[in-house]
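Trainee: Provided herewith is a single structure, encoded as structure tokens, for subsequent inquiry.
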Amino acid sequence: MLFPTFDFAIFFGVVYVGAWALNRRAVAWKLFMVAASYFFYAWWDWRFCGLLLAATVITHFGATGIHASASERARRWWLIGALVGLLGVLGYFKYYGFFAVNVDNMLHAAGLGRLVPLLTPTLPIAISFFTFMAISYVVDVYRRTLEPATPIDLAVYLSFFPHLVAGPIVRGSELLPQIRRPRDPHQVDLARASVLIMGGLFKKVVISSYVASAIVDPVFASPRTHSAPEVLFAVWGFAVQIYADFSGYTDIAIGVALLLGVRFPVNFDAPYTARDLQEFWRRWHITLSRWLRDYLYIPLGGNRGSQLATSRNLLVTMILGGLWHGANWTFLAWGALHGVGQVVGHHRRLYRERRGLPPLAGTLDAKVRQRFLTFQFVCLGWLFFRASSMSNAFAMLSQLCTGWRVPSTLVTPLLVLVLAGMIAAQYVPANFVDRGVTWFRRLAAPWQALALGSALLVTTTLGPTGVSPFIYYRF
Amino acid sequence: MTHPGEPPRAPRQRTQARRDTLRRERATWVRTGLVLLSGFLVWVVLDATVLQHNAQVNSPVGARRTAALDILGPIASAARTLHLDVPVAQANIALGRTSDGGFVIPTVPTTVPSTSTTTTTVPRNPTARHPLRVLIVGDSLGSDLAAPLLTDLNATGATIVWTDTVISTGLTRLDYFNWVAELEYDVYKYKPDVVIGMMGANDPQGFPGPPYIAFNTPQWRAKYTRNVGQFFTIGRSSGRPFLWVSVPQISDPGRNQEFGVVRALQHQAAVAHGVHYFDADSVLSPNGRYAAYLRVGGQLALVRQPDGIHLTSAGGALLAQSVFVALERDLHVHLP
């Protein structure tokens, strides 16, 4: 079920009333919320529900096993068992095909026959997200920073529909306390939720759809038939498209959760204003970045070892972060590019530190240069991320170098305006949104309803007929 | 707020006051629900004509569509009577759509005969100065072919290629997107030497009517054949060659049978209208069976999308290469 659809509006209307009506009855609320979330998930394919249930069961037994074990050795074995179970399911559904094709090609090149069966498991939506949440929960219990939850609390935590499909990747310590205690029925933050949902819908339905159809999809589909400026704008366009799409989804998810009295962490913070890659990853998909930091980079050794070890850890973390998005060489290249960028940035900071300089130069022209270069580097990464294959990515790069004498009919003034506007919007102070929230909050109820209806009307009128799935649904 | 003469509040008091203000300004769940419901209803009323149109043409026939039309019908009528639909209608027209949000397909000027009597001459040895003019049309599956075929044809330096692909369309639901009219305009506008088409993945469904015609009934087969025939006639006008690429086998066995009906009727119509029929299964489905993986240039590659219908970029490229060869062979064209 996609957020910007009639189906979801009706579903949410029922869930909203049911959830608040059962708010004071803890068990009933939790059972209702699990049922609603599984229904939401089953809308795509009911068979996927078995997988979500299996992940919940593995997580529960892993966490209770860890908690009940007296010895560190037993705790570790429970942890390994749970991680193998969770990653095994993820690995089979997400990476088996990629693995099988590459092994088969190697065997074929060596003149050997087919030794690996070629299966095509259907990739269940959201599997990467709920697997990462499950892993964080089990590891937190292992680290003794979290008490194991009851099975029903855990089921709500993993399946809660606002975050289920594309995050944010919420920690147990953030969501479980909100599940356990009743939510205040007099404290619904309608204003913030409305601003988030309407803003998110506009970004997804209007901006992302327009940029995709106007430049990104046609150019990436056949780069060699487009000019260099079109390729350049397609890459910048994808930077805007993926931001509008993913941050739009997150805003809607946060807003929907707020209407149910639940708070999610922030997932985006003007990422294209970053002055280096380290800052970019503190602003882009924040809940994934901190997951990679806390459950991968730090366990690998973080920056506690030699400089070489730190570089390796950065590179491994970013490559695995890239592969988390999908089983494709393009995602691996994207992760590797960010890994190399992070390593270079790390050594640059160390070099400046040794010379008694701040990590980044702070003059105005330096800031402008840093932001420009960081954005262009991020866009280079997006080129690989969006490309359908490595040859597609190289065709884009090749056309960027050679296609300057071809007319650029797709680069229209409207497109330039939209892209420039979306990049400029990143520099709008954060309190601008707060002012919008305050303005909405002070309206009388009928005006609030009229504002909501009008905002919805503008979005649906400016958007195309039908809504394409969110980019991050397939991860 | 601090009154004159009152001592300034301590930070903790100020924080508490701010919290109290926020508390007052937040809403109960009932009030919130009523505001959300009212806002939703405002939108439904103001957008009723568009929603009604979408339900009519963009939904498969069934209980869901019937219910949507039953609910939206009276609301849309009331909105029209009260002229509440005017802002959205004007906006849609300004955005290049019909007033109810549908596709606008330009019509061929009446002074120009749609099926010209002049005969199209296909250049047998096209060059950059005398290029082969190619139009590629299709649905989403057609777009999987169009992009790599466009690249391959452009690489010859002896073609001019236009692509016109629209997702979620086909030759059954011409009420949603009228491909016959669209092709007529494309042919008038681009004057191609050859048309290449691939669509049909959305065609196994009933005609909404009224009267409703269920899929694969004799009436359905007759009407679908007529639609395909009209489409082929437009494409073949002026004796222009038309190369039709069939819908390949799909992974779902049940739906594959439905696709088989579409495939068979398209094949019959192609034969009847002198359209060159290219069997995509000859490339994508070894032994006539669905295959997700194929060896392309010695390397095993995933050629079908996870949905079991659409093509990956490797699958599209593979099919495009074969269509390119078929174009040269069947039309006796030699591309550099």
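A note on labels: chains of the structure tokens are A, B, ... as shown, every chain counts residues from 1, and ligands are counted from 1 in their shown order.
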Could you list, as a PDB file with N, CA and C atoms, in the first residue's frame, the residues of chain A having an atom within 7 Å of chain B when counting only C-alpha atoms?
Mentor:
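After the write, selection_10.pdb holds the following:
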ATOM      1  N   VAL A 101      24.610 -15.631 -10.246  1.00  0.00           N
ATOM      2  CA  VAL A 101      25.019 -15.199 -11.588  1.00  0.00           C
ATOM      3  C   VAL A 101      26.529 -15.048 -11.667  1.00  0.00           C
ATOM      4  N   ASN A 105      29.089 -17.326 -13.833  1.00  0.00           N
ATOM      5  CA  ASN A 105      29.962 -16.750 -14.865  1.00  0.00           C
ATOM      6  C   ASN A 105      31.422 -17.146 -14.654  1.00  0.00           C
ATOM      7  N   THR A 122      11.524 -13.770  -5.159  1.00  0.00           N
ATOM      8  CA  THR A 122      10.940 -12.425  -5.222  1.00  0.00           C
ATOM      9  C   THR A 122      11.415 -11.633  -4.013  1.00  0.00           C
ATOM     10  N   PRO A 185      -3.979  11.180  24.507  1.00  0.00           N
ATOM     11  CA  PRO A 185      -4.980  11.492  23.462  1.00  0.00           C
ATOM     12  C   PRO A 185      -5.293  12.987  23.360  1.00  0.00           C
ATOM     13  N   HIS A 186      -4.785  13.780  24.309  1.00  0.00           N
ATOM     14  CA  HIS A 186      -5.016  15.236  24.261  1.00  0.00           C
ATOM     15  C   HIS A 186      -3.826  15.973  23.664  1.00  0.00           C
ATOM     16  N   GLN A 187      -2.823  15.219  23.249  1.00  0.00           N
ATOM     17  CA  GLN A 187      -1.572  15.863  22.820  1.00  0.00           C
ATOM     18  C   GLN A 187      -1.180  15.484  21.393  1.00  0.00           C
ATOM     19  N   VAL A 188      -2.149  15.355  20.515  1.00  0.00           N
ATOM     20  CA  VAL A 188      -1.805  14.971  19.139  1.00  0.00           C
ATOM     21  C   VAL A 188      -1.257  16.195  18.406  1.00  0.00           C
ATOM     22  N   ASP A 189      -0.076  16.049  17.861  1.00  0.00           N
ATOM     23  CA  ASP A 189       0.568  17.196  17.217  1.00  0.00           C
ATOM     24  C   ASP A 189       0.087  17.296  15.766  1.00  0.00           C
ATOM     25  N   LEU A 190      -1.162  17.699  15.630  1.00  0.00           N
ATOM     26  CA  LEU A 190      -1.791  17.792  14.309  1.00  0.00           C
ATOM     27  C   LEU A 190      -1.025  18.720  13.381  1.00  0.00           C
ATOM     28  N   ALA A 221      17.872   6.099 -19.511  1.00  0.00           N
ATOM     29  CA  ALA A 221      17.441   4.973 -20.350  1.00  0.00           C
ATOM     30  C   ALA A 221      18.318   4.849 -21.598  1.00  0.00           C
ATOM     31  N   SER A 222      18.726   5.977 -22.157  1.00  0.00           N
ATOM     32  CA  SER A 222      19.576   5.897 -23.360  1.00  0.00           C
ATOM     33  C   SER A 222      20.519   7.094 -23.385  1.00  0.00           C
ATOM     34  N   ARG A 224      23.394   7.651 -24.591  1.00  0.00           N
ATOM     35  CA  ARG A 224      24.142   7.991 -25.799  1.00  0.00           C
ATOM     36  C   ARG A 224      23.329   8.803 -26.802  1.00  0.00           C
ATOM     37  N   THR A 225      22.041   8.910 -26.563  1.00  0.00           N
ATOM     38  CA  THR A 225      21.225   9.714 -27.471  1.00  0.00           C
ATOM     39  C   THR A 225      20.965  11.110 -26.897  1.00  0.00           C
ATOM     40  N   SER A 388      21.439   1.604 -14.421  1.00  0.00           N
ATOM     41  CA  SER A 388      20.908   0.236 -14.406  1.00  0.00           C
ATOM     42  C   SER A 388      22.036  -0.796 -14.417  1.00  0.00           C
ATOM     43  N   ARG A 441      -0.940  25.718  13.531  1.00  0.00           N
ATOM     44  CA  ARG A 441      -1.461  25.387  14.862  1.00  0.00           C
ATOM     45  C   ARG A 441      -2.451  26.441  15.346  1.00  0.00           C
ATOM     46  N   ALA A 445     -10.147  25.260  13.671  1.00  0.00           N
ATOM     47  CA  ALA A 445     -10.287  23.923  13.055  1.00  0.00           C
ATOM     48  C   ALA A 445     -10.817  23.968  11.615  1.00  0.00           C
ATOM     49  N   GLN A 448      -8.086  24.968   9.352  1.00  0.00           N
ATOM     50  CA  GLN A 448      -7.091  23.896   9.237  1.00  0.00           C
ATOM     51  C   GLN A 448      -7.549  22.859   8.210  1.00  0.00           C
ATOM     52  N   ALA A 449      -8.834  22.511   8.295  1.00  0.00           N
ATOM     53  CA  ALA A 449      -9.381  21.524   7.347  1.00  0.00           C
ATOM     54  C   ALA A 449      -9.295  22.052   5.924  1.00  0.00           C
ATOM     55  N   LEU A 450      -9.629  23.339   5.766  1.00  0.00           N
ATOM     56  CA  LEU A 450      -9.593  23.937   4.423  1.00  0.00           C
ATOM     57  C   LEU A 450      -8.156  23.973   3.896  1.00  0.00           C
ATOM     58  N   LEU A 452      -5.714  21.943   4.717  1.00  0.00           N
ATOM     59  CA  LEU A 452      -5.316  20.574   4.376  1.00  0.00           C
ATOM     60  C   LEU A 452      -5.906  20.147   3.038  1.00  0.00           C
ATOM     61  N   GLY A 453      -7.203  20.401   2.871  1.00  0.00           N
ATOM     62  CA  GLY A 453      -7.870  20.028   1.624  1.00  0.00           C
ATOM     63  C   GLY A 453      -7.248  20.742   0.432  1.00  0.00           C
ATOM     64  N   SER A 454      -6.935  22.026   0.609  1.00  0.00           N
ATOM     65  CA  SER A 454      -6.356  22.802  -0.492  1.00  0.00           C
ATOM     66  C   SER A 454      -4.953  22.307  -0.831  1.00  0.00           C
ATOM     67  N   LEU A 456      -3.788  19.352  -0.413  1.00  0.00           N
ATOM     68  CA  LEU A 456      -3.946  18.059  -1.086  1.00  0.00           C
ATOM     69  C   LEU A 456      -4.360  18.269  -2.539  1.00  0.00           C
ATOM     70  N   LEU A 457      -5.229  19.249  -2.737  1.00  0.00           N
ATOM     71  CA  LEU A 457      -5.724  19.536  -4.090  1.00  0.00           C
ATOM     72  C   LEU A 457      -4.589  20.032  -4.987  1.00  0.00           C
ATOM     73  N   THR A 461      -3.303  17.950  -8.195  1.00  0.00           N
ATOM     74  CA  THR A 461      -3.496  18.594  -9.499  1.00  0.00           C
ATOM     75  C   THR A 461      -2.156  18.762 -10.223  1.00  0.00           C
TER      76      THR A 461
END
Trainee: Neighbouring residues of range 255-261 of chain B were defined as those with any atom within 10 Å, considering only C-alpha atoms; residues of the same chain fewer than 2 positions away were excluded. Please report them as a list in words.
Mentor: Gly200, Ala201, Asn202, Asp203, Pro204, Gln205, Phe215, Asn216, Arg221, Ser246, Val247, Pro248, Gln249, Ile250, Ser251, Asp252, Pro253, Arg263, Ala264, Leu265, Gln266, His267, Tyr290 and Ile309 of chain B
Trainee: Generate a file of the selected residues that holds N, CA and C atoms, formatted as a PDB file, in the first residue's frame.
Mentor:
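out-v9.pdb written:
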ATOM      1  N   GLY B 200       0.853  -4.672 -24.878  1.00  0.00           N
ATOM      2  CA  GLY B 200      -0.127  -5.731 -24.655  1.00  0.00           C
ATOM      3  C   GLY B 200      -0.120  -6.261 -23.225  1.00  0.00           C
ATOM      4  N   ALA B 201       0.878  -5.830 -22.438  1.00  0.00           N
ATOM      5  CA  ALA B 201       0.977  -6.359 -21.071  1.00  0.00           C
ATOM      6  C   ALA B 201      -0.210  -5.944 -20.201  1.00  0.00           C
ATOM      7  N   ASN B 202      -0.871  -4.842 -20.570  1.00  0.00           N
ATOM      8  CA  ASN B 202      -2.026  -4.393 -19.775  1.00  0.00           C
ATOM      9  C   ASN B 202      -3.348  -4.778 -20.425  1.00  0.00           C
ATOM     10  N   ASP B 203      -3.291  -5.545 -21.502  1.00  0.00           N
ATOM     11  CA  ASP B 203      -4.516  -5.795 -22.270  1.00  0.00           C
ATOM     12  C   ASP B 203      -5.414  -6.915 -21.755  1.00  0.00           C
ATOM     13  N   PRO B 204      -4.906  -7.881 -20.983  1.00  0.00           N
ATOM     14  CA  PRO B 204      -5.837  -8.910 -20.505  1.00  0.00           C
ATOM     15  C   PRO B 204      -6.771  -8.370 -19.416  1.00  0.00           C
ATOM     16  N   GLN B 205      -7.766  -7.626 -19.817  1.00  0.00           N
ATOM     17  CA  GLN B 205      -8.791  -7.106 -18.905  1.00  0.00           C
ATOM     18  C   GLN B 205     -10.040  -6.779 -19.722  1.00  0.00           C
ATOM     19  N   PHE B 215     -13.205 -10.245 -20.219  1.00  0.00           N
ATOM     20  CA  PHE B 215     -12.005 -10.649 -20.960  1.00  0.00           C
ATOM     21  C   PHE B 215     -12.184 -12.040 -21.572  1.00  0.00           C
ATOM     22  N   ASN B 216     -11.736 -12.170 -22.804  1.00  0.00           N
ATOM     23  CA  ASN B 216     -11.660 -13.441 -23.533  1.00  0.00           C
ATOM     24  C   ASN B 216     -13.019 -14.055 -23.870  1.00  0.00           C
ATOM     25  N   ARG B 221     -13.007 -10.715 -27.769  1.00  0.00           N
ATOM     26  CA  ARG B 221     -12.017 -11.048 -28.802  1.00  0.00           C
ATOM     27  C   ARG B 221     -12.280 -10.232 -30.073  1.00  0.00           C
ATOM     28  N   SER B 246       6.086  -9.122 -30.170  1.00  0.00           N
ATOM     29  CA  SER B 246       5.074  -9.741 -29.298  1.00  0.00           C
ATOM     30  C   SER B 246       5.448  -9.598 -27.824  1.00  0.00           C
ATOM     31  N   VAL B 247       4.456  -9.791 -26.968  1.00  0.00           N
ATOM     32  CA  VAL B 247       4.697  -9.800 -25.526  1.00  0.00           C
ATOM     33  C   VAL B 247       5.295 -11.164 -25.179  1.00  0.00           C
ATOM     34  N   PRO B 248       6.457 -11.205 -24.511  1.00  0.00           N
ATOM     35  CA  PRO B 248       7.072 -12.510 -24.229  1.00  0.00           C
ATOM     36  C   PRO B 248       6.359 -13.261 -23.105  1.00  0.00           C
ATOM     37  N   GLN B 249       6.767 -14.516 -22.905  1.00  0.00           N
ATOM     38  CA  GLN B 249       6.235 -15.313 -21.795  1.00  0.00           C
ATOM     39  C   GLN B 249       6.516 -14.589 -20.480  1.00  0.00           C
ATOM     40  N   ILE B 250       5.593 -14.734 -19.541  1.00  0.00           N
ATOM     41  CA  ILE B 250       5.818 -14.138 -18.219  1.00  0.00           C
ATOM     42  C   ILE B 250       5.879 -15.245 -17.166  1.00  0.00           C
ATOM     43  N   SER B 251       6.313 -14.873 -15.951  1.00  0.00           N
ATOM     44  CA  SER B 251       6.600 -15.920 -14.958  1.00  0.00           C
ATOM     45  C   SER B 251       5.336 -16.547 -14.367  1.00  0.00           C
ATOM     46  N   ASP B 252       4.261 -15.780 -14.261  1.00  0.00           N
ATOM     47  CA  ASP B 252       3.032 -16.279 -13.646  1.00  0.00           C
ATOM     48  C   ASP B 252       2.277 -17.169 -14.650  1.00  0.00           C
ATOM     49  N   PRO B 253       2.172 -18.483 -14.370  1.00  0.00           N
ATOM     50  CA  PRO B 253       1.544 -19.370 -15.359  1.00  0.00           C
ATOM     51  C   PRO B 253       0.100 -18.992 -15.670  1.00  0.00           C
ATOM     52  N   ARG B 263      -1.542 -12.423 -27.273  1.00  0.00           N
ATOM     53  CA  ARG B 263      -0.501 -12.713 -28.257  1.00  0.00           C
ATOM     54  C   ARG B 263      -1.111 -13.298 -29.543  1.00  0.00           C
ATOM     55  N   ALA B 264      -2.021 -14.254 -29.363  1.00  0.00           N
ATOM     56  CA  ALA B 264      -2.613 -14.924 -30.523  1.00  0.00           C
ATOM     57  C   ALA B 264      -3.440 -13.953 -31.361  1.00  0.00           C
ATOM     58  N   LEU B 265      -4.226 -13.118 -30.705  1.00  0.00           N
ATOM     59  CA  LEU B 265      -5.061 -12.167 -31.454  1.00  0.00           C
ATOM     60  C   LEU B 265      -4.198 -11.125 -32.169  1.00  0.00           C
ATOM     61  N   GLN B 266      -3.134 -10.691 -31.500  1.00  0.00           N
ATOM     62  CA  GLN B 266      -2.228  -9.726 -32.148  1.00  0.00           C
ATOM     63  C   GLN B 266      -1.570 -10.368 -33.374  1.00  0.00           C
ATOM     64  N   HIS B 267      -1.209 -11.649 -33.255  1.00  0.00           N
ATOM     65  CA  HIS B 267      -0.564 -12.339 -34.369  1.00  0.00           C
ATOM     66  C   HIS B 267      -1.515 -12.437 -35.558  1.00  0.00           C
ATOM     67  N   TYR B 290       9.313 -19.396 -19.994  1.00  0.00           N
ATOM     68  CA  TYR B 290       9.832 -18.193 -19.334  1.00  0.00           C
ATOM     69  C   TYR B 290      11.240 -18.446 -18.779  1.00  0.00           C
ATOM     70  N   ILE B 309       7.616  -9.840 -15.588  1.00  0.00           N
ATOM     71  CA  ILE B 309       7.014  -9.332 -16.831  1.00  0.00           C
ATOM     72  C   ILE B 309       8.016  -8.450 -17.579  1.00  0.00           C
TER      73      ILE B 309
END
Trainee: Mind checking which residues fall within 8 Å of range 63-68 of chain A, counting only C-alpha atoms, ignoring those fewer than 4 positions away in the same chain, and posting them as a ChimeraX atom specification?
Mentor: /A:59,74-76,78-79,82,137-138,141-142,147-148
Trainee: If you keep C-alpha atoms, can you produce a file of those selected residues as a PDB file, in the first residue's frame?
Mentor:
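Heads up, here's the output in selection.pdb:
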ATOM      1  CA  THR A  59      14.717 -11.833  16.908  1.00  0.00           C
ATOM      2  CA  ALA A  74      26.552 -18.539  25.537  1.00  0.00           C
ATOM      3  CA  ARG A  75      25.389 -14.955  24.977  1.00  0.00           C
ATOM      4  CA  ARG A  76      27.731 -14.654  22.033  1.00  0.00           C
ATOM      5  CA  TRP A  78      22.857 -16.704  20.835  1.00  0.00           C
ATOM      6  CA  LEU A  79      23.845 -13.440  19.170  1.00  0.00           C
ATOM      7  CA  ALA A  82      20.200 -14.646  15.642  1.00  0.00           C
ATOM      8  CA  TYR A 137      17.512  -4.746  18.738  1.00  0.00           C
ATOM      9  CA  VAL A 138      19.371  -8.049  19.240  1.00  0.00           C
ATOM     10  CA  VAL A 141      20.171  -6.596  24.142  1.00  0.00           C
ATOM     11  CA  TYR A 142      23.562  -8.268  23.792  1.00  0.00           C
ATOM     12  CA  GLU A 147      15.970  -5.113  28.034  1.00  0.00           C
ATOM     13  CA  PRO A 148      14.227  -7.719  25.868  1.00  0.00           C
TER      14      PRO A 148
END
Trainee: Measuring between only C-alpha atoms, which one of B:Glu184, B:Glu328, B:Asp279, B:Asp70 shows the shortest distance to Ile234 in chain B?
Mentor: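 Of the candidates, the smallest distance to Ile234 in chain B is held by B:Glu184.
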Trainee: Show me, as an mmCIF file with N, CA and C atoms, in the first residue's frame, the residues that have an atom within 10 Å of range 60-69 of chain B when counting only C-alpha atoms, minus same-chain residues fewer than 5 positions from it.
Mentor:
data_model
loop_
_atom_site.group_PDB
_atom_site.id
_atom_site.type_symbol
_atom_site.label_atom_id
_atom_site.label_comp_id
_atom_site.auth_asym_id
_atom_site.auth_seq_id
_atom_site.Cartn_x
_atom_site.Cartn_y
_atom_site.Cartn_z
ATOM 1 N N LEU B 51 -11.325 12.674 -9.718
ATOM 2 C CA LEU B 51 -11.358 11.361 -9.071
ATOM 3 C C LEU B 51 -12.331 10.427 -9.781
ATOM 4 N N GLN B 52 -13.463 10.985 -10.196
ATOM 5 C CA GLN B 52 -14.453 10.179 -10.928
ATOM 6 C C GLN B 52 -13.856 9.694 -12.262
ATOM 7 N N HIS B 53 -13.193 10.608 -12.955
ATOM 8 C CA HIS B 53 -12.568 10.246 -14.226
ATOM 9 C C HIS B 53 -11.519 9.147 -14.015
ATOM 10 N N ASN B 54 -10.701 9.318 -12.959
ATOM 11 C CA ASN B 54 -9.668 8.313 -12.677
ATOM 12 C C ASN B 54 -10.294 6.957 -12.379
ATOM 13 N N ALA B 55 -11.376 6.972 -11.594
ATOM 14 C CA ALA B 55 -12.039 5.701 -11.263
ATOM 15 C C ALA B 55 -12.603 5.050 -12.523
ATOM 16 N N PRO B 74 -22.421 11.103 -7.413
ATOM 17 C CA PRO B 74 -23.237 12.221 -6.880
ATOM 18 C C PRO B 74 -22.385 13.400 -6.411
ATOM 19 N N ILE B 75 -21.219 13.113 -5.843
ATOM 20 C CA ILE B 75 -20.369 14.215 -5.358
ATOM 21 C C ILE B 75 -19.892 15.044 -6.556
ATOM 22 N N ALA B 76 -19.485 14.356 -7.628
ATOM 23 C CA ALA B 76 -19.013 15.080 -8.815
ATOM 24 C C ALA B 76 -20.144 15.898 -9.445
ATOM 25 N N ARG B 173 -7.909 -0.695 -23.173
ATOM 26 C CA ARG B 173 -8.517 0.471 -22.525
ATOM 27 C C ARG B 173 -8.212 1.753 -23.296
ATOM 28 N N GLN B 205 -7.766 -7.626 -19.817
ATOM 29 C CA GLN B 205 -8.791 -7.106 -18.905
ATOM 30 C C GLN B 205 -10.040 -6.779 -19.722
ATOM 31 N N GLY B 206 -11.171 -6.685 -19.008
ATOM 32 C CA GLY B 206 -12.438 -6.451 -19.696
ATOM 33 C C GLY B 206 -12.573 -5.025 -20.203
ATOM 34 N N PHE B 207 -13.493 -4.841 -21.166
ATOM 35 C CA PHE B 207 -13.855 -3.480 -21.607
ATOM 36 C C PHE B 207 -14.915 -2.969 -20.642
ATOM 37 N N PRO B 208 -14.708 -1.778 -20.049
ATOM 38 C CA PRO B 208 -15.632 -1.340 -18.993
ATOM 39 C C PRO B 208 -17.042 -1.019 -19.492
ATOM 40 N N GLY B 209 -17.138 -0.646 -20.751
ATOM 41 C CA GLY B 209 -18.482 -0.357 -21.277
ATOM 42 C C GLY B 209 -19.033 0.971 -20.825
ATOM 43 N N TYR B 212 -20.445 -3.786 -20.131
ATOM 44 C CA TYR B 212 -19.177 -4.394 -19.756
ATOM 45 C C TYR B 212 -18.955 -5.670 -20.574
ATOM 46 N N ILE B 213 -17.753 -5.822 -21.110
ATOM 47 C CA ILE B 213 -17.421 -7.024 -21.884
ATOM 48 C C ILE B 213 -16.261 -7.728 -21.192
ATOM 49 N N ALA B 214 -16.530 -8.912 -20.682
ATOM 50 C CA ALA B 214 -15.507 -9.639 -19.915
ATOM 51 C C ALA B 214 -14.377 -10.114 -20.831
#
Trainee: Using DSSP on the backbone coordinates, identify all residues within range 358-475 of chain A classified as alpha helix (DSSP H); present the result as a PyMOL selection string.
Mentor: chain A and resi 364-386+390-402+413-425+431-441+445-462
Trainee: Report as number ranges by chain all protein, DNA and RNA residues lying within 10 Å of range 358-360 of chain A, evaluated on only C-alpha atoms, omitting residues in the same chain fewer than 4 positions from it.
Mentor: A: 275-276, 345-346, 348-354, 366-367, 370
Trainee: Can you pull out every residue within 6 Å of range 401-415 of chain A, counting only C-alpha atoms, but drop anything in the same chain fewer than 3 positions away, and send it as a list in words?
Mentor: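 Non-adjacent residues within range: Ser227, Ala228, Glu230, Ser398 and Val418 of chain A.
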Trainee: Using only C-alpha atoms, determine which residues lie at most 8 Å from Phe161 in chain A, disregarding the query and same-chain residues fewer than 3 positions distant; provide the list as a list in words.
Mentor: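 Final neighbour list, sorted by chain and number: Ala36, Ser37, Tyr38, Phe40, Tyr41, Leu164 and Val165 of chain A.
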Trainee: Check the smallest atom-to-atom distance from each of A:Val219, A:Leu400, A:Ser136, A:Ala244 to Arg293 in chain A using only C-alpha atoms, then report the winner.
Mentor: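 Result for the nearest residue to Arg293 in chain A: A:Ser136.
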Trainee: Could you check which of A:Ile179, A:Val256, A:Leu232, A:Asp104 is closest to His163 in chain A, using only C-alpha atoms?
Mentor: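 Ranking A:Ile179, A:Val256, A:Leu232, A:Asp104 by distance to His163 in chain A, first place goes to A:Val256.
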Trainee: Grab the CA of Val170 in chain A to CA of Thr317 in chain A distance for me, in Å with one decimal place.
Mentor: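 These two atoms are separated by 19.5 Å.
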Trainee: Check the DSSP output for the backbone and give back, as a ChimeraX atom specification, the residues of range 76-321 of chain B in strand (DSSP E or B).
Mentor: /B:132-138,159-165,194-198,207,213,242-245,276-278,293-296,299-302,304,311
Trainee: Rounded to one decimal, what separation in Å do you get between CA of His347 in chain A and CA of Val266 in chain A?
Mentor: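 Taking CA of His347 in chain A as the start and CA of Val266 in chain A as the end point, the length is 29.2 Å.
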